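Enquirer: Just so it is clear, I am handing over upload.pdb, which has PDB, C-alpha atoms, pLDDT in the B column.
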```pdb
ATOM      1  CA  ASP F  29       0.000   0.000   0.000  1.00 93.00           C
ATOM      2  CA  ILE F  30       0.990   3.625  -0.526  1.00 95.00           C
ATOM      3  CA  VAL F  31       0.312   6.504   1.871  1.00 97.00           C
ATOM      4  CA  ALA F  32      -0.115   9.737  -0.088  1.00 96.00           C
ATOM      5  CA  LEU F  33      -0.826  13.296   1.000  1.00 96.00           C
ATOM      6  CA  ASN F  34      -4.031  14.862  -0.272  1.00 95.00           C
ATOM      7  CA  CYS F  35      -6.353  17.887  -0.050  1.00 94.00           C
ATOM      8  CA  ASN F  36      -9.884  18.245   1.288  1.00 90.00           C
ATOM      9  CA  LEU F  37     -11.210  20.074  -1.772  1.00 88.00           C
ATOM     10  CA  PRO F  38     -14.915  19.759  -0.818  1.00 90.00           C
ATOM     11  CA  GLU F  39     -14.090  21.749   2.349  1.00 91.00           C
ATOM     12  CA  GLY F  40     -11.909  24.213   0.432  1.00 94.00           C
ATOM     13  CA  THR F  41      -8.711  23.299   2.278  1.00 96.00           C
ATOM     14  CA  VAL F  42      -5.371  22.014   1.035  1.00 96.00           C
ATOM     15  CA  GLU F  43      -2.608  19.740   2.325  1.00 97.00           C
ATOM     16  CA  ASP F  44      -4.711  18.481   5.252  1.00 98.00           C
ATOM     17  CA  MET F  45      -5.491  14.867   4.365  1.00 98.00           C
ATOM     18  CA  ALA F  46      -3.742  11.588   3.584  1.00 98.00           C
ATOM     19  CA  VAL F  47      -4.992   8.473   1.848  1.00 98.00           C
ATOM     20  CA  VAL F  48      -3.923   4.842   1.761  1.00 98.00           C
ATOM     21  CA  ILE F  49      -3.915   3.592  -1.828  1.00 98.00           C
ATOM     22  CA  ASP F  50      -3.931  -0.084  -2.802  1.00 98.00           C
ATOM     23  CA  LYS F  51      -0.817  -0.346  -4.962  1.00 96.00           C
ATOM     24  CA  ASP F  52      -2.360  -3.086  -7.116  1.00 97.00           C
ATOM     25  CA  THR F  53      -5.802  -1.600  -7.798  1.00 97.00           C
ATOM     26  CA  GLY F  54      -5.266   2.129  -7.274  1.00 97.00           C
ATOM     27  CA  HIS F  55      -8.337   2.275  -5.034  1.00 98.00           C
ATOM     28  CA  VAL F  56      -8.341   4.398  -1.893  1.00 97.00           C
ATOM     29  CA  LYS F  57      -8.573   2.046   1.089  1.00 97.00           C
ATOM     30  CA  LYS F  58      -8.479   4.592   3.909  1.00 97.00           C
ATOM     31  CA  THR F  59      -8.622   8.352   4.399  1.00 97.00           C
ATOM     32  CA  PHE F  60      -7.096  10.429   7.200  1.00 98.00           C
ATOM     33  CA  ASN F  61      -8.673  13.869   7.590  1.00 97.00           C
ATOM     34  CA  PHE F  62      -6.340  15.859   9.839  1.00 98.00           C
ATOM     35  CA  ALA F  63      -9.256  17.935  11.140  1.00 97.00           C
ATOM     36  CA  ASP F  64     -10.423  14.738  12.874  1.00 97.00           C
ATOM     37  CA  PHE F  65      -7.465  14.870  15.289  1.00 97.00           C
ATOM     38  CA  ILE F  66      -6.359  18.547  15.212  1.00 98.00           C
ATOM     39  CA  LYS F  67      -8.966  21.290  15.222  1.00 97.00           C
ATOM     40  CA  PRO F  68      -8.140  23.798  12.450  1.00 97.00           C
ATOM     41  CA  GLY F  69      -6.946  27.050  14.002  1.00 95.00           C
ATOM     42  CA  SER F  70      -5.689  25.397  17.217  1.00 96.00           C
ATOM     43  CA  GLN F  71      -2.230  26.706  16.384  1.00 96.00           C
ATOM     44  CA  LYS F  72      -1.149  29.142  13.684  1.00 95.00           C
ATOM     45  CA  SER F  73       2.343  29.638  12.347  1.00 96.00           C
ATOM     46  CA  GLY F  74       3.260  32.882  10.640  1.00 95.00           C
ATOM     47  CA  SER F  75       2.342  31.331   7.269  1.00 96.00           C
ATOM     48  CA  TRP F  76      -1.052  29.952   8.385  1.00 96.00           C
ATOM     49  CA  SER F  77      -4.262  30.608   6.436  1.00 96.00           C
ATOM     50  CA  ASP F  78      -7.834  29.288   6.642  1.00 95.00           C
ATOM     51  CA  GLU F  79      -7.338  27.379   3.394  1.00 96.00           C
ATOM     52  CA  ASP F  80      -3.847  26.054   4.201  1.00 97.00           C
ATOM     53  CA  TRP F  81      -4.208  25.544   7.952  1.00 98.00           C
ATOM     54  CA  PHE F  82      -2.029  22.386   8.285  1.00 98.00           C
ATOM     55  CA  HIS F  83       0.259  22.387   5.219  1.00 98.00           C
ATOM     56  CA  CYS F  84       1.348  18.756   5.451  1.00 98.00           C
ATOM     57  CA  ASN F  85       4.645  18.340   3.642  1.00 97.00           C
ATOM     58  CA  ALA F  86       5.702  14.874   4.835  1.00 98.00           C
ATOM     59  CA  VAL F  87       4.298  11.612   6.150  1.00 98.00           C
ATOM     60  CA  TRP F  88       6.222   8.757   7.761  1.00 98.00           C
ATOM     61  CA  TYR F  89       4.882   5.298   8.570  1.00 98.00           C
ATOM     62  CA  ASP F  90       6.566   3.677  11.587  1.00 97.00           C
ATOM     63  CA  GLU F  91       6.188  -0.087  11.450  1.00 96.00           C
ATOM     64  CA  HIS F  92       7.306  -0.585  15.082  1.00 96.00           C
ATOM     65  CA  THR F  93       4.439   1.511  16.470  1.00 97.00           C
ATOM     66  CA  ASN F  94       1.987   1.132  13.555  1.00 98.00           C
ATOM     67  CA  SER F  95       1.674   4.889  13.412  1.00 98.00           C
ATOM     68  CA  LEU F  96       1.871   7.792  10.989  1.00 98.00           C
ATOM     69  CA  THR F  97       3.784  10.998  11.656  1.00 99.00           C
ATOM     70  CA  PHE F  98       2.754  14.067   9.675  1.00 98.00           C
ATOM     71  CA  SER F  99       4.732  17.291   9.321  1.00 98.00           C
ATOM     72  CA  GLY F 100       2.278  20.175   9.767  1.00 98.00           C
ATOM     73  CA  ARG F 101       4.265  23.234   8.707  1.00 98.00           C
ATOM     74  CA  HIS F 102       1.513  25.753   9.424  1.00 98.00           C
ATOM     75  CA  ILE F 103       0.982  24.485  12.970  1.00 98.00           C
ATOM     76  CA  ASN F 104       4.745  24.141  13.696  1.00 98.00           C
ATOM     77  CA  SER F 105       4.181  20.489  14.585  1.00 98.00           C
ATOM     78  CA  MET F 106       5.029  16.890  13.930  1.00 99.00           C
ATOM     79  CA  VAL F 107       1.820  14.995  14.675  1.00 99.00           C
ATOM     80  CA  ASN F 108       1.683  11.235  15.300  1.00 99.00           C
ATOM     81  CA  ILE F 109      -1.492   9.134  15.059  1.00 99.00           C
ATOM     82  CA  ASP F 110      -2.381   5.458  15.375  1.00 99.00           C
ATOM     83  CA  PHE F 111      -2.620   3.983  11.866  1.00 98.00           C
ATOM     84  CA  ASP F 112      -5.639   1.785  12.649  1.00 98.00           C
ATOM     85  CA  THR F 113      -7.738   4.122  14.816  1.00 98.00           C
ATOM     86  CA  SER F 114      -6.534   7.604  13.744  1.00 97.00           C
ATOM     87  CA  GLU F 115      -6.264   8.455  17.452  1.00 98.00           C
ATOM     88  CA  LEU F 116      -3.765  11.176  18.311  1.00 99.00           C
ATOM     89  CA  ASN F 117      -0.647   9.761  20.029  1.00 99.00           C
ATOM     90  CA  TRP F 118       1.662  12.759  20.398  1.00 99.00           C
ATOM     91  CA  ILE F 119       2.675  16.152  19.029  1.00 99.00           C
ATOM     92  CA  ILE F 120       6.211  17.530  18.826  1.00 99.00           C
ATOM     93  CA  THR F 121       5.724  21.282  19.032  1.00 98.00           C
ATOM     94  CA  ASP F 122       6.325  24.352  21.120  1.00 98.00           C
ATOM     95  CA  PRO F 123       3.226  24.132  23.369  1.00 98.00           C
ATOM     96  CA  GLU F 124       2.864  27.919  23.724  1.00 97.00           C
ATOM     97  CA  GLY F 125      -0.558  29.126  22.657  1.00 96.00           C
ATOM     98  CA  TRP F 126      -2.199  25.738  22.145  1.00 98.00           C
ATOM     99  CA  PRO F 127      -5.622  24.991  23.694  1.00 98.00           C
ATOM    100  CA  GLU F 128      -5.435  23.019  26.970  1.00 98.00           C
ATOM    101  CA  GLU F 129      -7.163  20.001  25.413  1.00 98.00           C
ATOM    102  CA  TYR F 130      -3.875  19.108  23.679  1.00 98.00           C
ATOM    103  CA  ASN F 131      -1.593  19.313  26.752  1.00 98.00           C
ATOM    104  CA  GLU F 132      -1.471  15.529  27.273  1.00 98.00           C
ATOM    105  CA  PHE F 133       0.016  15.090  23.781  1.00 99.00           C
ATOM    106  CA  PHE F 134       2.988  17.453  24.245  1.00 99.00           C
ATOM    107  CA  PHE F 135       6.517  16.525  25.280  1.00 99.00           C
ATOM    108  CA  LYS F 136       8.566  18.156  28.032  1.00 98.00           C
ATOM    109  CA  PRO F 137      12.181  18.962  27.057  1.00 98.00           C
ATOM    110  CA  ILE F 138      14.862  17.243  29.161  1.00 97.00           C
ATOM    111  CA  GLY F 139      18.635  16.877  29.140  1.00 90.00           C
ATOM    112  CA  ASP F 140      21.636  19.043  29.828  1.00 88.00           C
ATOM    113  CA  GLY F 141      22.240  20.013  26.216  1.00 85.00           C
ATOM    114  CA  GLU F 142      20.819  22.740  24.047  1.00 92.00           C
ATOM    115  CA  PHE F 143      17.160  22.458  23.040  1.00 98.00           C
ATOM    116  CA  ASP F 144      15.125  24.336  20.438  1.00 98.00           C
ATOM    117  CA  TRP F 145      11.664  23.568  19.110  1.00 98.00           C
ATOM    118  CA  GLN F 146      11.229  23.337  15.358  1.00 98.00           C
ATOM    119  CA  TYR F 147       9.181  25.906  13.417  1.00 98.00           C
ATOM    120  CA  GLU F 148       7.622  25.454   9.956  1.00 98.00           C
ATOM    121  CA  GLN F 149       9.578  22.213   9.514  1.00 98.00           C
ATOM    122  CA  HIS F 150       9.743  19.779   6.583  1.00 98.00           C
ATOM    123  CA  ALA F 151      10.726  16.157   5.950  1.00 97.00           C
ATOM    124  CA  ASN F 152      10.002  14.445   9.274  1.00 98.00           C
ATOM    125  CA  LEU F 153      11.097  10.832   9.683  1.00 98.00           C
ATOM    126  CA  ILE F 154      11.539   8.253  12.414  1.00 98.00           C
ATOM    127  CA  THR F 155      14.890   6.462  12.585  1.00 97.00           C
ATOM    128  CA  PRO F 156      15.224   2.706  13.206  1.00 96.00           C
ATOM    129  CA  LEU F 157      16.022   3.576  16.850  1.00 96.00           C
ATOM    130  CA  GLY F 158      12.788   5.574  17.189  1.00 96.00           C
ATOM    131  CA  ASP F 159      14.353   9.038  17.131  1.00 98.00           C
ATOM    132  CA  VAL F 160      12.516  11.770  15.228  1.00 99.00           C
ATOM    133  CA  MET F 161      14.290  13.948  12.677  1.00 99.00           C
ATOM    134  CA  CYS F 162      13.248  16.844  10.473  1.00 99.00           C
ATOM    135  CA  PHE F 163      14.511  19.825   8.541  1.00 98.00           C
ATOM    136  CA  ASP F 164      13.661  22.740  10.813  1.00 98.00           C
ATOM    137  CA  ASN F 165      13.207  25.825   8.643  1.00 98.00           C
ATOM    138  CA  HIS F 166      12.847  27.770  11.914  1.00 97.00           C
ATOM    139  CA  HIS F 167      10.770  30.287   9.962  1.00 97.00           C
ATOM    140  CA  TYR F 168       9.472  32.921  12.426  1.00 96.00           C
ATOM    141  CA  GLY F 169      11.205  31.045  15.282  1.00 96.00           C
ATOM    142  CA  SER F 170       8.285  31.323  17.720  1.00 96.00           C
ATOM    143  CA  GLN F 171       4.638  30.409  18.251  1.00 94.00           C
ATOM    144  CA  ASN F 172       3.993  33.936  19.512  1.00 95.00           C
ATOM    145  CA  PRO F 173       3.787  36.663  16.813  1.00 95.00           C
ATOM    146  CA  GLU F 174       5.213  39.171  19.317  1.00 96.00           C
ATOM    147  CA  ASN F 175       8.411  37.081  19.428  1.00 96.00           C
ATOM    148  CA  TYR F 176       8.858  36.312  15.722  1.00 97.00           C
ATOM    149  CA  VAL F 177      12.510  36.292  14.672  1.00 96.00           C
ATOM    150  CA  ALA F 178      13.611  38.384  11.676  1.00 95.00           C
ATOM    151  CA  PRO F 179      15.159  36.411   8.778  1.00 93.00           C
ATOM    152  CA  ASN F 180      18.576  38.041   9.305  1.00 94.00           C
ATOM    153  CA  ASP F 181      18.581  36.747  12.885  1.00 95.00           C
ATOM    154  CA  SER F 182      17.259  33.260  12.142  1.00 95.00           C
ATOM    155  CA  PHE F 183      18.660  29.890  11.086  1.00 97.00           C
ATOM    156  CA  SER F 184      17.573  26.587   9.584  1.00 98.00           C
ATOM    157  CA  ARG F 185      18.878  23.173  10.556  1.00 98.00           C
ATOM    158  CA  GLY F 186      18.606  19.446  10.537  1.00 98.00           C
ATOM    159  CA  VAL F 187      17.604  18.223  14.000  1.00 99.00           C
ATOM    160  CA  LYS F 188      17.203  14.880  15.761  1.00 99.00           C
ATOM    161  CA  TYR F 189      15.081  14.407  18.870  1.00 99.00           C
ATOM    162  CA  ARG F 190      14.762  11.389  21.178  1.00 98.00           C
ATOM    163  CA  ILE F 191      11.269  10.952  22.562  1.00 98.00           C
ATOM    164  CA  ASP F 192       9.962   8.898  25.485  1.00 98.00           C
ATOM    165  CA  THR F 193       6.246   8.403  24.895  1.00 98.00           C
ATOM    166  CA  ASP F 194       5.721   6.845  28.350  1.00 98.00           C
ATOM    167  CA  LYS F 195       7.120   9.876  30.193  1.00 98.00           C
ATOM    168  CA  MET F 196       6.258  12.339  27.384  1.00 99.00           C
ATOM    169  CA  GLU F 197       9.811  13.699  27.431  1.00 99.00           C
ATOM    170  CA  ILE F 198      11.924  14.918  24.528  1.00 99.00           C
ATOM    171  CA  GLU F 199      15.665  15.489  24.226  1.00 98.00           C
ATOM    172  CA  GLN F 200      17.533  17.147  21.393  1.00 98.00           C
ATOM    173  CA  LEU F 201      20.330  14.755  20.392  1.00 98.00           C
ATOM    174  CA  TRP F 202      21.850  16.506  17.413  1.00 97.00           C
ATOM    175  CA  GLN F 203      21.478  19.500  15.134  1.00 98.00           C
ATOM    176  CA  TYR F 204      23.363  21.054  12.279  1.00 98.00           C
ATOM    177  CA  GLY F 205      22.775  24.497  10.816  1.00 96.00           C
ATOM    178  CA  LYS F 206      22.028  26.745  13.769  1.00 96.00           C
ATOM    179  CA  GLU F 207      25.701  27.658  14.094  1.00 96.00           C
ATOM    180  CA  ARG F 208      25.663  28.869  10.469  1.00 95.00           C
ATOM    181  CA  GLY F 209      22.935  31.412  11.202  1.00 94.00           C
ATOM    182  CA  LYS F 210      21.369  33.306   8.314  1.00 94.00           C
ATOM    183  CA  GLU F 211      23.884  31.763   5.870  1.00 93.00           C
ATOM    184  CA  PHE F 212      21.962  28.466   6.127  1.00 90.00           C
ATOM    185  CA  TYR F 213      18.499  29.977   6.685  1.00 95.00           C
ATOM    186  CA  SER F 214      15.723  28.870   4.355  1.00 94.00           C
ATOM    187  CA  PRO F 215      12.169  30.064   5.105  1.00 91.00           C
ATOM    188  CA  TYR F 216      10.949  27.421   2.638  1.00 86.00           C
ATOM    189  CA  ILE F 217      12.577  24.091   1.914  1.00 76.00           C
TER     190      ILE F 217
END
```
Before we go any further, please render this structure as C-alpha cells.
Expert:
Amino acid sequence: DIVALNCNLPEGTVEDMAVVIDKDTGHVKKTFNFADFIKPGSQKSGSWSDEDWFHCNAVWYDEHTNSLTFSGRHINSMVNIDFDTSELNWIITDPEGWPEEYNEFFFKPIGDGEFDWQYEQHANLITPLGDVMCFDNHHYGSQNPENYVAPNDSFSRGVKYRIDTDKMEIEQLWQYGKERGKEFYSPYI
C-alpha cells in the first residue's frame, strides 16, 4: 500500500489529508482527515491561512508503532497518530498558545544540552532507533507573533530528537545548521 498526501477540496482546504492507496488496484482504502485529530486554528504559524491551515509536507509510517507521523508546517508540529484508529498519540511542538485540550500530547524537554523547538519544519522521519528527525526551517522562530525572529537573525537546521512516549519527554540529540545562522536559513525548503 501507498500513503499519499491529499487535499480536502470539498471543504476548500489544502494539504490536510492523507490516503492509503492499494498499490495493485489504485483504489483508496483509507482516508485520514487531519481535522479529525487537530482542530483547524488550534495553532497558527506565521504562514497559516484558513485554506492552508495544516500544510502537510511529509508523512512517515513507523512499522514498530503502527503509526503515521505528519509534518504540519503551518501548525509548527510533527503529529503522530495510530494507523488503525486515527487516534492522536503525540505532538512535537512548542506548546505555547495551544488549547489546553492538547496538553497531554505534548513533550517536556529534558537533558543538559541545548534544546530548540522546530518551526515550519519539513521532511520528518523516524529512525530505526525511534528518534525523530526533520529539517527545521525555523521560519518565524516562535509560536507567539510578538516574538517572531527576523530572517537576518534566524537559522535553519537538521535536528534529531529522542522521545519517550511513556514519560512524554523529549531530548535534542543533534542538530546542524544553527551555528551557520542566516547563511543556512531557508524560510521554505
Enquirer: Rounded to one decimal place, report the atom CA of Phe212 of chain F-atom CA of His150 of chain F distance in Å.
Expert: 15.0 Å
Enquirer: Could you give me, as a count of residues only, the residues within 9 Å of Thr93 of chain F, counting all atoms listed in the file and dropping anything in the same chain fewer than 3 positions from it?
Expert: 5
Enquirer: Can you turn the PyMOL selection byres ((chain F and resi 168-173) around 9) into a concrete residue list for this file, as a list in words?
Expert: Gln71, Lys72, Ser73, Gly74, Ser75, Ile103, Asn104, Asp122, Pro123, Glu124, Gly125, Trp145, Gln146, Tyr147, Glu148, Asn165, His166, His167, Glu174, Asn175, Tyr176, Val177, Ala178, Pro179, Ser182, Phe183 and Pro215 of chain F
Enquirer: Name the closest residue to Gly54 of chain F among the candidates F:Asp29, F:Asp78, F:Glu39, F:Glu211; distances are taken between atoms, counting all atoms listed in the file.
Expert: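 With all atoms listed in the file as the atom set, the closest residue is F:Asp29.
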Enquirer: Given all atoms listed in the file as the basis, pick out the residue of F:Val42, F:Asn108, F:Val48, F:Gly209 nearest to Trp76 of chain F.
Expert: F:Val42
Enquirer: For segment 127-135 of chain F, work out the shell of residues within 12 Å, counting only C-alpha atoms and skipping chain neighbours fewer than 6 positions away, then give it as a VMD selection string.
Expert: chain F and resid 65 to 72 105 to 109 115 to 121 145 189 to 200
Enquirer: Those same residues - C-alpha atoms - I'd like them written as a PDB file, in the coordinates of the input.
Expert:
```pdb
ATOM      1  CA  PHE F  65      -7.465  14.870  15.289  1.00 97.00           C
ATOM      2  CA  ILE F  66      -6.359  18.547  15.212  1.00 98.00           C
ATOM      3  CA  LYS F  67      -8.966  21.290  15.222  1.00 97.00           C
ATOM      4  CA  PRO F  68      -8.140  23.798  12.450  1.00 97.00           C
ATOM      5  CA  GLY F  69      -6.946  27.050  14.002  1.00 95.00           C
ATOM      6  CA  SER F  70      -5.689  25.397  17.217  1.00 96.00           C
ATOM      7  CA  GLN F  71      -2.230  26.706  16.384  1.00 96.00           C
ATOM      8  CA  LYS F  72      -1.149  29.142  13.684  1.00 95.00           C
ATOM      9  CA  SER F 105       4.181  20.489  14.585  1.00 98.00           C
ATOM     10  CA  MET F 106       5.029  16.890  13.930  1.00 99.00           C
ATOM     11  CA  VAL F 107       1.820  14.995  14.675  1.00 99.00           C
ATOM     12  CA  ASN F 108       1.683  11.235  15.300  1.00 99.00           C
ATOM     13  CA  ILE F 109      -1.492   9.134  15.059  1.00 99.00           C
ATOM     14  CA  GLU F 115      -6.264   8.455  17.452  1.00 98.00           C
ATOM     15  CA  LEU F 116      -3.765  11.176  18.311  1.00 99.00           C
ATOM     16  CA  ASN F 117      -0.647   9.761  20.029  1.00 99.00           C
ATOM     17  CA  TRP F 118       1.662  12.759  20.398  1.00 99.00           C
ATOM     18  CA  ILE F 119       2.675  16.152  19.029  1.00 99.00           C
ATOM     19  CA  ILE F 120       6.211  17.530  18.826  1.00 99.00           C
ATOM     20  CA  THR F 121       5.724  21.282  19.032  1.00 98.00           C
ATOM     21  CA  TRP F 145      11.664  23.568  19.110  1.00 98.00           C
ATOM     22  CA  TYR F 189      15.081  14.407  18.870  1.00 99.00           C
ATOM     23  CA  ARG F 190      14.762  11.389  21.178  1.00 98.00           C
ATOM     24  CA  ILE F 191      11.269  10.952  22.562  1.00 98.00           C
ATOM     25  CA  ASP F 192       9.962   8.898  25.485  1.00 98.00           C
ATOM     26  CA  THR F 193       6.246   8.403  24.895  1.00 98.00           C
ATOM     27  CA  ASP F 194       5.721   6.845  28.350  1.00 98.00           C
ATOM     28  CA  LYS F 195       7.120   9.876  30.193  1.00 98.00           C
ATOM     29  CA  MET F 196       6.258  12.339  27.384  1.00 99.00           C
ATOM     30  CA  GLU F 197       9.811  13.699  27.431  1.00 99.00           C
ATOM     31  CA  ILE F 198      11.924  14.918  24.528  1.00 99.00           C
ATOM     32  CA  GLU F 199      15.665  15.489  24.226  1.00 98.00           C
ATOM     33  CA  GLN F 200      17.533  17.147  21.393  1.00 98.00           C
TER      34      GLN F 200
END
```
Enquirer: For segment 205-209 of chain F, I'd like the enclosing box, axis-aligned and padded by 4 Å on every side, reported as JSON with centre and edge lengths in Å to one decimal.
Expert:
```
{"center_x": 23.9, "center_y": 28.0, "center_z": 12.3, "size_x": 11.7, "size_y": 14.9, "size_z": 11.6}
```
Enquirer: Nearest to Phe82 of chain F among F:Thr53, F:Thr113, F:Thr59, F:Thr41, with distances taken over only C-alpha atoms: which residue is it?
Expert: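 Smallest separation from Phe82 of chain F among the options: F:Thr41.
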Enquirer: Mind pulling up the distance from atom CA of Met161 of chain F to atom CA of Trp126 of chain F?
Expert: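 Going from atom CA of Trp126 of chain F over to atom CA of Met161 of chain F, I get 22.4 Å.
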Enquirer: Rounded to one decimal, what separation in Å do you get between atom CA of Gln203 of chain F and atom CA of Phe143 of chain F?
Expert: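 If I compute the distance from atom CA of Gln203 of chain F to atom CA of Phe143 of chain F, I get 9.5 Å.
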Enquirer: Can you find the residues with an atom no farther than 9 Å from (11.0, 11.0, 12.9), counting all atoms listed in the file, and report them as an MDAnalysis selection string?
Expert: chainID F and resid 88 90 97 106 151:155 158:162 188:189
Enquirer: I would like the residues chosen by the PyMOL selection byres ((chain F and resi 61) around 9) on the shown file; could you give them as an NGL selection string?
Expert: :F and (35-36 or 44-47 or 59-60 or 62-65)
Enquirer: Considering all atoms listed in the file, state which residue in the set F:Asp52, F:Gly141, F:Lys58, F:Ser77 is at the smallest distance from Gly40 of chain F.
Expert: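 Distance minimum relative to Gly40 of chain F lands on F:Ser77.
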Enquirer: Name the closest residue to Asp80 of chain F among the candidates F:Leu157, F:Leu37, F:Val56, F:Ala32; distances are taken between atoms, counting all atoms listed in the file.
Expert: F:Leu37
Enquirer: With distances taken over only C-alpha atoms, which of F:Gly205, F:Glu43, F:Tyr216, F:Lys51 is nearest to Phe98 of chain F?
Expert: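 Closest candidate: F:Glu43.
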Enquirer: Can you spit out segment 168-179 of chain F with C-alpha atoms, as a short mmCIF file (atom, residue, chain, number, x, y, z; two decimals), in the first residue's frame, from the structure just given?
Expert:
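Once written, decode_38.cif looks like this:
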```
data_model
loop_
_atom_site.label_atom_id
_atom_site.label_comp_id
_atom_site.auth_asym_id
_atom_site.auth_seq_id
_atom_site.Cartn_x
_atom_site.Cartn_y
_atom_site.Cartn_z
CA TYR F 168 9.47 32.92 12.43
CA GLY F 169 11.20 31.05 15.28
CA SER F 170 8.28 31.32 17.72
CA GLN F 171 4.64 30.41 18.25
CA ASN F 172 3.99 33.94 19.51
CA PRO F 173 3.79 36.66 16.81
CA GLU F 174 5.21 39.17 19.32
CA ASN F 175 8.41 37.08 19.43
CA TYR F 176 8.86 36.31 15.72
CA VAL F 177 12.51 36.29 14.67
CA ALA F 178 13.61 38.38 11.68
CA PRO F 179 15.16 36.41 8.78
#
```
